[in-house]
Amino acid sequence: MDEQQLLKMLREAFKEEALERLTSLSSCLVQLERVEEDMATCEALEVAFREAHSLKGAARSVSLTDIESLCQALESVLSLVKKGQCSLQTSDFDLLHTCVRVMEAFLEQFSSTQEDGHWDQVAPLIEELQQLCEGKGCCGERVKELPVNEPESPPAPAEDGAAVAEADPLAEVPVKPREAVVPSAPSTAGHDKAPTANKEGTLRVSTSHLDRVMHKAESLIALKLAVAERHKESSAMAAVFEAWRKDWNQVSPNLRRLQNRSSDLDCDDVQRALGSLLGYIERSQNHFQQLESRLAFQQQQLLQDRAVTGTLVDELLENVKEIIMVPFSNLSASFPRTVRDVARTQGKEVDLILEGDDTEIDKRILEMLSSPLTHLIRNAVDHGIELPQTRLAAGKEAKARLHISLNRTQGGRVEVRVCDDGAGIDLDQVRARAVEKQIVTEQVAREMADEDALWLIFNSGLSTSSLITEISGRGLGMAIVKEKVEDLGGHLHVESRRGKGTCFKLHVPVSLAVFKGILIQSRGLELIVPTSAVERVVKMARDAICTVENREVVSLEGENLALVNLGALLGITDRPITQTSHIHVVVVQDSEQRIGFVVDDVDGEYELLVKGLGEQLQHVRFFSGASVLGDGRVVPVLDSRDLLAAPLDGAGKIRGDDAVVQGPKHILAVDDSITSRMLIKNILEASGYQVVTAINGEDAFTKLTGGHFDLVVSDVEMPQLNGFQLTARIRETESVSDVPVILVTSLESAEDKEKGIIAGANAYIVKRSFDQSNLLDTIQRLI
């Protein structure tokens with residue numbers, strides 16, 4: 001590795017470290033600004049001093065002189081504060097925060113291959129810091145001009161006894177754990193970007209987590225060997241079947257010759273044939289015993305393998321989830337400065353209270369929460385919290401309280417609360433703006449309950465701010481908050497009391513590692529509903545349905561639940577409609593509503609791997625992806641937001657499903673003669689049936705099991721698989737065993753008709769006396 005490559009590698013590592021240190025430094029400055037007396041002994045000051053010192057040394061090691069010089073100036077200011085020679089005022093903290101923001105912006109734009117690290121904004125800041133130290137902006141005695149490279153005094157040792165050293169180019173600078181004072185997190189210049197995610201998407205992982213994952217990965221070797229052994233056992237069974245087949249191929253010609261010579265057989269011929277048949281039966285018994293033994297053994301082994309595999313996969317998933325779980329503090333560490341900046345701009349006083357910093361959550365979810373939480377915080381300070389004089393006039397304390405917390409809830413979810421004690425949401429103003437923006441009519445707004453009026457704030461374009469600023473007024477923020485939360489499979493709730501404050505509650509999953517879905521059936525079609533969107537699944541009597549305001553509902557826990565026929569909503573008209581005395585209702589909900597979707601059956605909950613629909617199908621309504629089940633079936637995944645957003649009217653009645661207009665019946669026509677196929681196809685299509693043709697029995701069976709058909713019309717004499725064999729195979733196959741079969745053939749003997757009945761045909765029509773009305777009547781009777 002040459003010197004240039006080494007420098008590039010070190011700068012990439014420095015960037016990640018520097019962003020973390022700057023976030024910690026920013027949080028310390030916010031804490032320090034709250035200290036009313038004896039600032040010199042505050043622990044946050046000591047941490048801030050060490051962060052500036054360590055960052056200075058690390059910057060020097062990668063030749064970033066601007067950051068080094070700026071950190072040197074910061075360190076000198078903090079050194080004077082430690083000695084009690086300087087007392088920082090609000091304007092001084094503004095300068096220190098500006099220095100941090102400038103370095104963050106510098107790091108965001110800086111390239112690791114850049115030859116130098118100079119930036120025009122740095123020099124004026126260094127000059128202001130030097131003036132602060134000289135006493136022009138600082139209470140205390142003047143100090144001499146700052147040295148360029150060395151600090152005035154060495155930093156204090158860390159509490160764990162490790163001295164804070166200058167960064168070595170080939171070694172990491174020792175850092176005191178920051179959790180004791182300020183939770184650390186990578187920062188971003190704009191604060192609206194996701195935390196911890198730099199451009200390379202890196203994530204620091206403890207070696208203990210990696211050791212556990214590696215141990216589980218090594219266990220997969222045993223699973224690999226077990227699968228190979230099961231394949232070997234299956235091959236042995238296949239060999240038994242092959243030997244059995246060859247044996248039969250040797251015996252069967254003799255039996256057929258014996259059958260053909262039934263009129264001139266002698267005793268010797270019969271004895272030889274019987275001896276051959278008895279020998280085959282005896283050998284078959286041996287084959288049966290071998291297969292029975294091998295199958296029993298393999299079944300036992302597969303059960304063990306299934307248990308081991310299930311445990312291993314579950315543990316491996318849990319270990320990987322632990323790796324991507326990070327504390328809430330990785331995001332919340334940037335909140336104090338956000339609150340401080342907005343409050344300072346608005347001339348307000350806000351005390352930020354953070355809870356649940358150590359609660360761990362999926363890093364990806366935390367990144368997606370960054371933007372909505374930042375908006376809610378800015379919105380609370382800008383819109384909700386009043387000016388100090390207004391609060392005092394209302395009998396409140398001048399300093400407002402903003403409470404942000406994260407707590408684990410049931411079902412693998414967390415609740416994030418953003419609550420303030422401000423003025424609350426002016427619902428009269430919200431209604432007026434909604435009418436002005438033509439979101440609702442004046443009459444609807446007037447009749448709307450307060451709880452419903454609250455949800456108007458999530459409409460795009462609606463804002464109660466009369467002034468558009470860089471913080472608020474465009475009416476887009478709350479709509480984006482709702483969208484982001486729902487993208488995570490979560491929902492939100494808002495409560496507000498005029499003059500008392502507002503509280504937003506965001507409910508999101510802890511992890512995105514595993515997708516869980518409920519497998520349902522609607523009109524014969526298998527579908528998956530995301531578990532995160534399902535409140536409950538209930539089975540109830542069909543006669544429990546009643547009609548309220550021309551809408552079918554059921555009473556659930558004392559409340560009316562609107563019902564929608566899922567099959568009708570999705571437009572599934574070409575499949576059979578099931579009528580039973582009971583209905584299955586899947587209750588889907590979000591922040592605003594819940595609807596019961598009536599389905600035919602509920603198979604259960606599964607952990608699934610979901611794939612997207614791709615660019616060409618990404619806008620298909622009601623569907624968000626697809627999943628492959630264990631047996632290879634591909635099942636669509638429903639989009640709960642589309643389901644809830646669909647109009648309830650015209651979605652089909654549940655009690656009157658039998659009156660719903662059904663689509664045309666599907667018939668499979670099978671014949672090896674193209675003329676006969678076309679004749680049958682034209683007759684059936686002229687009568688309103690949809691017809692698919694097949695050229696022989698094998699082709700027909702493949703199409704039948706791969707699609708949906710209401711009836712099969714088949715010839716008998718066909719290559720590969722004749723009509724009798726096709727019918728028998730249909731009756732032996734569970735998924736299609738109930739499909740009616742009509743045999744249309746030139747074979748008219750009583751023996752042939754008997755073969756058709758034995759095979760399982762529902763009707764037998766002879767071509768010689770073929771009458772299309774007879775065929776159509778038979779079809780109508782069967783389906």
# chains A, B, ... in the order shown; residues from 1 in each chain; ligands from 1

$ residues_around --residues "Leu556 (chain A)" --least-positions-apart "4" --cutoff "12 Å" --atoms "only C-alpha atoms" --output "VMD selection string"
chain A and resid 536 to 540 544 to 545 560 to 563 585 587 594 to 596

$ select_by_dssp --residues "region 392-556 of chain A" --states "alpha helix (DSSP H)" --output "NGL selection string"
:A and (392-393 or 427-436 or 442-447 or 450-454 or 477-487)

$ residues_around --residues "Met325 (chain A)" --least-positions-apart "3" --cutoff "9 Å" --atoms "only C-alpha atoms" --output "JSON, numbers by chain"
{"A": [320, 321, 322, 360, 361, 362, 363, 364, 510, 511]}

$ write_last_selection --atoms "C-alpha atoms" --output "short mmCIF file (atom, residue, chain, number, x, y, z; two decimals), in the first residue's frame"
data_model
loop_
_atom_site.label_atom_id
_atom_site.label_comp_id
_atom_site.auth_asym_id
_atom_site.auth_seq_id
_atom_site.Cartn_x
_atom_site.Cartn_y
_atom_site.Cartn_z
CA VAL A 320 -28.00 -10.60 12.86
CA LYS A 321 -30.82 -8.47 14.29
CA GLU A 322 -28.60 -7.77 17.31
CA GLU A 360 -32.21 -0.49 20.94
CA ILE A 361 -33.99 -0.39 17.60
CA ASP A 362 -33.20 -1.49 14.05
CA LYS A 363 -30.69 0.91 12.52
CA ARG A 364 -32.72 1.12 9.30
CA VAL A 510 -38.50 -2.72 16.46
CA SER A 511 -36.91 -4.48 13.51
#

$ select_by_dssp --residues "region 332-462 of chain A" --states "strand (DSSP E or B)" --output "list in words"
Val350, Asp351, Leu352, Ile353, Leu354, Glu355, Glu360, Ile361, Asp362, Ala400, Arg401, Leu402, His403, Ile404, Ser405, Leu406, Asn407, Arg408, Thr409, Arg413, Val414, Glu415, Val416, Arg417, Val418, Cys419 and Asp420 of chain A

$ atom_distance --atom1 "CA of Asp487 (chain A)" --atom2 "CA of Ala380 (chain A)"
22.8 Å

$ atom_distance --atom1 "CA of Ala400 (chain A)" --atom2 "CA of Ala423 (chain A)"
10.4 Å

$ residues_around --residues "region 407-412 of chain A" --least-positions-apart "2" --cutoff "12 Å" --atoms "only C-alpha atoms" --output "compact mmCIF listing (two decimals) with N, CA and C atoms, in the first residue's frame"
# COMPACT_ATOMS: atom_id res chain seq x y z
N PRO A 327 -28.73 1.87 19.74
CA PRO A 327 -29.52 2.62 20.73
C PRO A 327 -30.18 3.85 20.12
N PHE A 328 -31.30 4.22 20.69
CA PHE A 328 -32.02 5.41 20.25
C PHE A 328 -31.15 6.66 20.36
N LEU A 354 -35.16 13.82 27.42
CA LEU A 354 -35.04 12.61 26.60
C LEU A 354 -35.14 11.38 27.49
N GLU A 355 -35.92 10.40 27.06
CA GLU A 355 -36.04 9.13 27.78
C GLU A 355 -35.93 7.97 26.80
N GLY A 356 -35.36 6.87 27.27
CA GLY A 356 -35.25 5.67 26.44
C GLY A 356 -34.07 5.70 25.50
N ASP A 357 -33.06 6.52 25.82
CA ASP A 357 -31.89 6.62 24.94
C ASP A 357 -31.20 5.28 24.73
N ASP A 358 -31.25 4.42 25.75
CA ASP A 358 -30.53 3.15 25.66
C ASP A 358 -31.38 2.03 25.03
N THR A 359 -32.63 2.32 24.69
CA THR A 359 -33.47 1.32 24.04
C THR A 359 -32.98 1.09 22.62
N GLU A 360 -32.78 -0.18 22.26
CA GLU A 360 -32.21 -0.49 20.94
C GLU A 360 -33.32 -0.72 19.92
N ILE A 361 -33.04 -0.30 18.70
CA ILE A 361 -33.99 -0.39 17.60
C ILE A 361 -33.20 -0.62 16.31
N ASP A 362 -33.84 -1.21 15.33
CA ASP A 362 -33.20 -1.49 14.05
C ASP A 362 -32.62 -0.20 13.46
N ILE A 404 -39.34 13.87 24.78
CA ILE A 404 -39.20 12.86 23.72
C ILE A 404 -38.80 11.54 24.38
N SER A 405 -39.58 10.49 24.12
CA SER A 405 -39.30 9.21 24.76
C SER A 405 -39.50 8.07 23.76
N VAL A 414 -42.23 -0.44 19.07
CA VAL A 414 -41.83 0.63 19.99
C VAL A 414 -42.77 1.81 19.79
N GLU A 415 -42.90 2.60 20.84
CA GLU A 415 -43.69 3.83 20.77
C GLU A 415 -42.76 5.01 21.01
N VAL A 416 -42.73 5.91 20.06
CA VAL A 416 -41.95 7.15 20.19
C VAL A 416 -42.93 8.28 20.45
N ARG A 417 -42.71 9.01 21.54
CA ARG A 417 -43.59 10.13 21.87
C ARG A 417 -42.84 11.45 21.75
N GLY A 490 -45.89 1.21 10.35
CA GLY A 490 -46.35 1.71 11.63
C GLY A 490 -47.56 2.62 11.47
N LYS A 505 -47.72 10.32 18.99
CA LYS A 505 -47.27 8.97 19.34
C LYS A 505 -47.05 8.18 18.06
N LEU A 506 -45.81 7.75 17.85
CA LEU A 506 -45.45 6.99 16.65
C LEU A 506 -45.22 5.54 17.05
N HIS A 507 -45.98 4.63 16.47
CA HIS A 507 -45.84 3.20 16.74
C HIS A 507 -45.20 2.53 15.53
N VAL A 508 -44.00 2.00 15.71
CA VAL A 508 -43.27 1.37 14.60
C VAL A 508 -42.67 0.06 15.08
N PRO A 509 -42.35 -0.85 14.15
CA PRO A 509 -41.72 -2.12 14.56
C PRO A 509 -40.30 -1.89 15.07
N VAL A 510 -39.86 -2.80 15.94
CA VAL A 510 -38.50 -2.72 16.46
C VAL A 510 -37.49 -3.06 15.37
N SER A 511 -37.86 -4.00 14.51
CA SER A 511 -36.91 -4.48 13.51
C SER A 511 -37.62 -4.76 12.20
N LEU A 512 -36.87 -4.60 11.10
CA LEU A 512 -37.37 -4.94 9.77
C LEU A 512 -36.75 -6.24 9.28
N ALA A 513 -36.07 -6.97 10.17
CA ALA A 513 -35.31 -8.14 9.75
C ALA A 513 -36.19 -9.23 9.17
N VAL A 514 -37.38 -9.43 9.71
CA VAL A 514 -38.25 -10.52 9.27
C VAL A 514 -39.63 -9.96 8.94
N PHE A 515 -40.15 -10.34 7.78
CA PHE A 515 -41.50 -9.95 7.40
C PHE A 515 -42.45 -11.06 7.81
N LYS A 516 -43.48 -10.70 8.54
CA LYS A 516 -44.50 -11.67 8.93
C LYS A 516 -45.80 -11.32 8.23
N THR A 531 -48.71 -8.76 8.72
CA THR A 531 -49.16 -8.87 10.11
C THR A 531 -49.19 -7.51 10.79
N SER A 532 -48.25 -6.65 10.44
CA SER A 532 -48.16 -5.34 11.10
C SER A 532 -49.40 -4.50 10.87
N ALA A 533 -50.17 -4.79 9.81
CA ALA A 533 -51.36 -4.00 9.52
C ALA A 533 -52.63 -4.63 10.08
N VAL A 534 -52.52 -5.84 10.64
CA VAL A 534 -53.70 -6.57 11.08
C VAL A 534 -53.90 -6.40 12.58
N GLU A 535 -55.07 -5.90 12.96
CA GLU A 535 -55.39 -5.77 14.37
C GLU A 535 -55.78 -7.12 14.97

$ closest_residue --among "A:Gly697, A:Pro530, A:Gly571, A:Gly688" --to "Pro636 (chain A)" --atoms "only C-alpha atoms"
A:Pro530

$ closest_residue --among "A:Ile730, A:Val339, A:Gly723, A:Phe597" --to "Lys753 (chain A)" --atoms "only C-alpha atoms"
A:Gly723

$ closest_residue --among "A:Val598, A:Leu609, A:Leu566, A:Leu775" --to "Phe622 (chain A)" --atoms "only C-alpha atoms"
A:Leu566

$ closest_atom_pairs --of "region 327-419 of chain A" --to "region 23-40 of chain A" --cutoff "7 Å" --atoms "only C-alpha atoms" --output "tab-separated table"
residue	atom	partner	partner_atom	distance
A:Ala333	CA	A:Ser27	CA	6.5
A:Ser334	CA	A:Thr23	CA	6.5
A:Pro336	CA	A:Ser27	CA	6.2
A:Arg337	CA	A:Val30	CA	6.3

$ residues_around --residues "region 119-123 of chain A" --least-positions-apart "2" --cutoff "7 Å" --atoms "only C-alpha atoms" --output "PyMOL selection string"
chain A and resi 66+70+117+125-127

$ atom_distance --atom1 "CA of Ala343 (chain A)" --atom2 "CA of Pro388 (chain A)"
10.9 Å

$ closest_residue --among "A:Gln85, A:Ser749, A:Ser69, A:Gln725" --to "Met103 (chain A)" --atoms "only C-alpha atoms"
A:Ser69
